[in-house]
Amino acid sequence: MNGPFYDYGWIGEEASLIFALVIGVAFGFFLERAGLGSAKKLSAQFYLKDMTVFKMMFTAIITAMIGVFWLNWIGVLHADMIYLTPTYIWPQIVGGLVFGAGFIIGGYCPGTSCVASSTGSLDGIVNVIGLLSGILLFGEVYPWIEPFYTAGSMGEATFPAILGLPEGIVVFMLLIIALIGFKVSEQLEGRYAGK
Amino acid sequence: MRESSTKNDKLVLASLSFVLAGLALAIASPNGLNGANRQPNFMGVIELAEKIKNRENLLLIDLRDAQKFEEMRIPTAKNIPFDSLDLGELKGTTIFYSGDDLLSRKLWDSLPDSLRDQTIILYGGMRDWYDRMLYPTLPFGDQVSDSSLLKHLHELCEFYGGFADFEPDSSLLNYYQLDLSTAKWPKIRMGNKLMRKGC
């Protein structure tokens with residue numbers, strides 16, 4: 001039985017939604033338990049006082065990457081069947097900047113604002129209202145910004161394809177970058193935590 | 001304190017060795033464990049269309065169910081639905097196709113290496129036969145990079161009873177110029193099913 005289960009036809013849409021619900025609940029639970037429902041903890045990331053967000057997210061990315069790589073290698077998962085969001089370089093750079101500004105101003109990213117709301121946090125709820133309003137606004141102005149939304153299309157871009165390197169090498173490089181990142185983040189925390 | 005530091009160093013060294021061993025394994029076997037990620041020999045729609053037109057002796061198997069086969073099929077194809085295919089009966093070079101490559105891919109995953117060598121997959125399956133051979137959108141105007149390919153495609157399209165649309169887009173020929181010897185499985189389009197997007 002190979003994965004991805006949905007794309008490979010092993011499970012239907014209903015079952016895939018149940019999987020999504022279970023994974024989503026688990027994701028939210030662990031985000032909250034890791035303390036990422038706190039705006040103070042999240043914003044401390046930007047002042048280099050608490051690098052929990054960086055360490056947690058990078059750990060999740062690296063764990064998923066290694067899992068996908070090796071499951072693909074042994075033939076249990078077809079990584080090329082996993083849906084990749086297409087890259088539109090210019091709107092995604094702008095979107096990243098808006099996201100970062102919203103993160104530091106509001107104190108939450110979309111996922112953590114939902115986590116904070118579930119614990120009854122008022123600022124979390126306000127963030128979610130802002131998030132939904134932003135989506136609504138985007139939908140309304142989409143016809144005017146569509147040319148920009150689709151600018152700089154690169155298709156389903158991946159590092160191995162862009163760099164022309166085998167996937168194993170790219171996984172190894174990212175692993176080393178992550179380890180260096182963890183080490184540097186520990187040093188930064190040591191330097192700025194008390195300030 | 002020194003003992004704990006030595007223990008940590010050993011742990012780091014062991015982890016690094018583990019990672020390097022993994023890297024070596026991945027580089028040594030780029031096709032995965034037992035060739036799990038080996039790509040099949042693909043045949044493009046033009047090559048298949050030429051072979052059928054020239055009445056070449058080939059075994060072409062449609063893996064879809066009987067109903068879909070009745071609705072539309074590639075000329076000379078024989079219908080053996082995926083679920084009733086007996087691998088033991090496969091002899092000689094066989095070309096397989098399905099609707100959107102999913103059944104072909106499932107078949108490929110289940111084949112032993114000995115049968116993989118004599119198996120050819122129609123790149124893009126019935127979907128590409130319909131979209132790229134019977135009813136293709138082809139380029140026109142001064143930007144056409146390979147006019148002989150364009151003419152040949154148009155002839156084949158008409159031979160099989162299809163018709164082509166024309167647009168002033170030179171990239172429309174790119175699909176037909178793909179090097180299938182290094183191609184990977186094409187992306188499966190999910191039709192009207194759910195589309196996944198990242199957060």
# chains A, B, ... in the order shown; residues from 1 in each chain; ligands from 1
>>> select_by_dssp(residues="chain B", states="helix (DSSP H, G or I)", output="ChimeraX atom specification")
/B:2-28,33-35,45-53,66-71,82-84,87-89,102-110,113-116,125-134,147-159,170-177
>>> interface_residues(of="chain B", to="chain A", cutoff="6 Å", atoms="only C-alpha atoms", output="list in words")
Ala26, Gly32, Leu33 and Ala36 of chain B
>>> write_last_selection(atoms="N, CA and C atoms", output="PDB file, in the first residue's frame")
ATOM      1  N   ALA B  26      21.962   6.698   0.052  1.00  0.00           N
ATOM      2  CA  ALA B  26      21.070   7.386  -0.886  1.00  0.00           C
ATOM      3  C   ALA B  26      21.772   7.649  -2.211  1.00  0.00           C
ATOM      4  N   GLY B  32      16.396   4.077  -5.194  1.00  0.00           N
ATOM      5  CA  GLY B  32      15.714   3.586  -4.010  1.00  0.00           C
ATOM      6  C   GLY B  32      15.951   2.107  -3.751  1.00  0.00           C
ATOM      7  N   LEU B  33      15.320   1.636  -2.687  1.00  0.00           N
ATOM      8  CA  LEU B  33      15.488   0.245  -2.285  1.00  0.00           C
ATOM      9  C   LEU B  33      14.895  -0.680  -3.347  1.00  0.00           C
ATOM     10  N   ALA B  36      12.876   0.857  -6.186  1.00  0.00           N
ATOM     11  CA  ALA B  36      11.506   1.319  -5.906  1.00  0.00           C
ATOM     12  C   ALA B  36      11.133   2.556  -6.711  1.00  0.00           C
TER      13      ALA B  36
END
>>> atom_distance(atom1="atom CA of Arg33 of chain A", atom2="atom CA of Leu48 of chain A")
21.1 Å
>>> atom_distance(atom1="atom CA of Gly124 of chain B", atom2="atom CA of Ile162 of chain A")
24.0 Å
>>> residues_around(residues="segment 158-172 of chain B", least_positions_apart="4", cutoff="9 Å", atoms="only C-alpha atoms", output="list in words")
Ala49, Lys53, Pro75, Tyr130, Met133, Leu134, Tyr135, Pro136, Thr137, Leu138, Pro139, Phe140, Gly141, Asp142, Gln143, Val144, Ser145, Leu153, His154 and Tyr176 of chain B
>>> write_last_selection(atoms="C-alpha atoms", output="PDB file, in the first residue's frame")
ATOM      1  CA  ALA B  49       0.439   6.856 -33.211  1.00  0.00           C
ATOM      2  CA  LYS B  53      -0.515   3.802 -38.347  1.00  0.00           C
ATOM      3  CA  PRO B  75      -6.978   1.800 -31.886  1.00  0.00           C
ATOM      4  CA  TYR B 130      -7.016  12.701 -26.203  1.00  0.00           C
ATOM      5  CA  MET B 133      -3.008  13.588 -30.248  1.00  0.00           C
ATOM      6  CA  LEU B 134      -6.715  13.684 -31.054  1.00  0.00           C
ATOM      7  CA  TYR B 135      -7.548  17.245 -30.024  1.00  0.00           C
ATOM      8  CA  PRO B 136      -4.265  19.064 -29.490  1.00  0.00           C
ATOM      9  CA  THR B 137      -3.674  22.796 -29.320  1.00  0.00           C
ATOM     10  CA  LEU B 138      -0.818  23.563 -31.679  1.00  0.00           C
ATOM     11  CA  PRO B 139       1.174  26.709 -32.356  1.00  0.00           C
ATOM     12  CA  PHE B 140       0.973  28.788 -35.496  1.00  0.00           C
ATOM     13  CA  GLY B 141       2.738  31.808 -36.916  1.00  0.00           C
ATOM     14  CA  ASP B 142       6.399  32.738 -37.204  1.00  0.00           C
ATOM     15  CA  GLN B 143       7.303  31.410 -33.749  1.00  0.00           C
ATOM     16  CA  VAL B 144       6.975  27.726 -34.631  1.00  0.00           C
ATOM     17  CA  SER B 145      10.362  26.177 -33.873  1.00  0.00           C
ATOM     18  CA  LEU B 153       1.456  16.046 -35.737  1.00  0.00           C
ATOM     19  CA  HIS B 154      -1.341  17.631 -37.705  1.00  0.00           C
ATOM     20  CA  TYR B 176       6.172  16.736 -27.972  1.00  0.00           C
TER      21      TYR B 176
END
>>> residues_around(residues="Ile129 of chain A", least_positions_apart="4", cutoff="12 Å", atoms="only C-alpha atoms", output="ChimeraX atom specification")
/A:106,110,113-114,117,122-125,133-136
>>> select_by_dssp(residues="segment 60-176 of chain A", states="strand (DSSP E)", output="PyMOL selection string")
chain A and resi 87-88+153-155
>>> write_last_selection(atoms="N, CA and C atoms", output="PDB file, in the first residue's frame")
ATOM      1  N   THR A  87       5.256  27.868  -7.413  1.00  0.00           N
ATOM      2  CA  THR A  87       5.993  29.069  -6.986  1.00  0.00           C
ATOM      3  C   THR A  87       5.689  30.236  -7.932  1.00  0.00           C
ATOM      4  N   TYR A  88       5.229  31.322  -7.341  1.00  0.00           N
ATOM      5  CA  TYR A  88       5.072  32.603  -8.058  1.00  0.00           C
ATOM      6  C   TYR A  88       5.946  33.580  -7.288  1.00  0.00           C
ATOM      7  N   SER A 153       5.905  33.133 -12.448  1.00  0.00           N
ATOM      8  CA  SER A 153       5.579  31.715 -12.277  1.00  0.00           C
ATOM      9  C   SER A 153       6.801  30.821 -12.533  1.00  0.00           C
ATOM     10  N   MET A 154       7.090  29.933 -11.590  1.00  0.00           N
ATOM     11  CA  MET A 154       8.211  28.994 -11.745  1.00  0.00           C
ATOM     12  C   MET A 154       7.725  27.545 -11.729  1.00  0.00           C
ATOM     13  N   GLY A 155       6.412  27.352 -11.725  1.00  0.00           N
ATOM     14  CA  GLY A 155       5.864  25.998 -11.660  1.00  0.00           C
ATOM     15  C   GLY A 155       6.108  25.393 -10.286  1.00  0.00           C
TER      16      GLY A 155
END
>>> residues_around(residues="Ala44 of chain A", least_positions_apart="3", cutoff="12 Å", atoms="only C-alpha atoms", output="list of chain:residue names")
A:Leu36, A:Ser38, A:Ala39, A:Lys40, A:Lys41, A:Tyr47, A:Leu48, A:Lys49, A:Asp50, A:Met51, A:Thr52, A:Val53, A:Phe54, A:Phe103, A:Ile104, A:Gly107, A:Tyr108, A:Leu188, A:Glu189, A:Tyr192, A:Ala193, A:Gly194, A:Lys195
>>> atom_distance(atom1="atom CA of Ala161 of chain A", atom2="atom CA of Thr63 of chain A")
21.1 Å
>>> residues_around(residues="Gly92 of chain B", least_positions_apart="5", cutoff="10 Å", atoms="only C-alpha atoms", output="ChimeraX atom specification")
/B:58-59,115,117-119
>>> decode(residues="segment 51-114 of chain A", atoms="C-alpha atoms", output="PDB file, in the first residue's frame")
ATOM      1  CA  MET A  51      14.092  30.861  19.539  1.00  0.00           C
ATOM      2  CA  THR A  52      11.458  28.190  20.288  1.00  0.00           C
ATOM      3  CA  VAL A  53       9.463  28.982  17.120  1.00  0.00           C
ATOM      4  CA  PHE A  54      12.528  28.680  14.897  1.00  0.00           C
ATOM      5  CA  LYS A  55      13.661  25.457  16.566  1.00  0.00           C
ATOM      6  CA  MET A  56      10.211  23.896  16.575  1.00  0.00           C
ATOM      7  CA  MET A  57       9.343  24.772  12.984  1.00  0.00           C
ATOM      8  CA  PHE A  58      12.771  23.830  11.626  1.00  0.00           C
ATOM      9  CA  THR A  59      12.626  20.536  13.551  1.00  0.00           C
ATOM     10  CA  ALA A  60       9.197  19.823  12.046  1.00  0.00           C
ATOM     11  CA  ILE A  61      10.414  20.679   8.531  1.00  0.00           C
ATOM     12  CA  ILE A  62      13.572  18.580   8.843  1.00  0.00           C
ATOM     13  CA  THR A  63      11.706  15.634  10.387  1.00  0.00           C
ATOM     14  CA  ALA A  64       9.089  15.727   7.604  1.00  0.00           C
ATOM     15  CA  MET A  65      11.787  16.079   4.942  1.00  0.00           C
ATOM     16  CA  ILE A  66      13.785  13.115   6.222  1.00  0.00           C
ATOM     17  CA  GLY A  67      10.603  11.065   6.635  1.00  0.00           C
ATOM     18  CA  VAL A  68       9.408  11.809   3.098  1.00  0.00           C
ATOM     19  CA  PHE A  69      12.865  11.188   1.637  1.00  0.00           C
ATOM     20  CA  TRP A  70      13.382   7.785   3.246  1.00  0.00           C
ATOM     21  CA  LEU A  71       9.775   6.612   2.808  1.00  0.00           C
ATOM     22  CA  ASN A  72      10.178   7.527  -0.864  1.00  0.00           C
ATOM     23  CA  TRP A  73      13.511   5.735  -1.010  1.00  0.00           C
ATOM     24  CA  ILE A  74      12.107   2.466   0.324  1.00  0.00           C
ATOM     25  CA  GLY A  75       9.122   2.806  -2.029  1.00  0.00           C
ATOM     26  CA  VAL A  76       6.349   3.270   0.534  1.00  0.00           C
ATOM     27  CA  LEU A  77       5.606   6.834  -0.517  1.00  0.00           C
ATOM     28  CA  HIS A  78       5.717   8.418  -3.973  1.00  0.00           C
ATOM     29  CA  ALA A  79       7.062  11.859  -3.109  1.00  0.00           C
ATOM     30  CA  ASP A  80       6.507  13.128  -6.646  1.00  0.00           C
ATOM     31  CA  MET A  81       2.752  12.628  -6.197  1.00  0.00           C
ATOM     32  CA  ILE A  82       2.597  15.009  -3.236  1.00  0.00           C
ATOM     33  CA  TYR A  83       0.957  18.260  -4.238  1.00  0.00           C
ATOM     34  CA  LEU A  84       3.398  21.155  -4.357  1.00  0.00           C
ATOM     35  CA  THR A  85       2.137  24.700  -4.241  1.00  0.00           C
ATOM     36  CA  PRO A  86       3.402  26.349  -7.449  1.00  0.00           C
ATOM     37  CA  THR A  87       5.993  29.069  -6.986  1.00  0.00           C
ATOM     38  CA  TYR A  88       5.072  32.603  -8.058  1.00  0.00           C
ATOM     39  CA  ILE A  89       8.195  34.371  -6.948  1.00  0.00           C
ATOM     40  CA  TRP A  90       7.136  38.060  -6.814  1.00  0.00           C
ATOM     41  CA  PRO A  91       3.752  37.773  -5.096  1.00  0.00           C
ATOM     42  CA  GLN A  92       5.233  35.210  -2.683  1.00  0.00           C
ATOM     43  CA  ILE A  93       8.058  37.579  -1.682  1.00  0.00           C
ATOM     44  CA  VAL A  94       5.504  40.329  -1.048  1.00  0.00           C
ATOM     45  CA  GLY A  95       3.217  37.843   0.731  1.00  0.00           C
ATOM     46  CA  GLY A  96       6.128  36.771   2.947  1.00  0.00           C
ATOM     47  CA  LEU A  97       6.861  40.374   3.898  1.00  0.00           C
ATOM     48  CA  VAL A  98       3.178  41.026   4.695  1.00  0.00           C
ATOM     49  CA  PHE A  99       3.076  37.774   6.675  1.00  0.00           C
ATOM     50  CA  GLY A 100       6.177  38.728   8.682  1.00  0.00           C
ATOM     51  CA  ALA A 101       4.865  42.224   9.386  1.00  0.00           C
ATOM     52  CA  GLY A 102       1.510  40.794  10.477  1.00  0.00           C
ATOM     53  CA  PHE A 103       3.288  38.232  12.652  1.00  0.00           C
ATOM     54  CA  ILE A 104       5.281  40.780  14.630  1.00  0.00           C
ATOM     55  CA  ILE A 105       2.463  43.354  14.804  1.00  0.00           C
ATOM     56  CA  GLY A 106      -0.290  40.886  15.770  1.00  0.00           C
ATOM     57  CA  GLY A 107       1.927  38.442  17.649  1.00  0.00           C
ATOM     58  CA  TYR A 108       0.605  35.380  15.824  1.00  0.00           C
ATOM     59  CA  CYS A 109       0.821  33.555  12.534  1.00  0.00           C
ATOM     60  CA  PRO A 110      -2.403  32.033  11.095  1.00  0.00           C
ATOM     61  CA  GLY A 111      -1.963  28.628  12.784  1.00  0.00           C
ATOM     62  CA  THR A 112      -0.978  29.964  16.190  1.00  0.00           C
ATOM     63  CA  SER A 113      -3.790  32.564  16.159  1.00  0.00           C
ATOM     64  CA  CYS A 114      -6.258  29.660  15.852  1.00  0.00           C
TER      65      CYS A 114
END
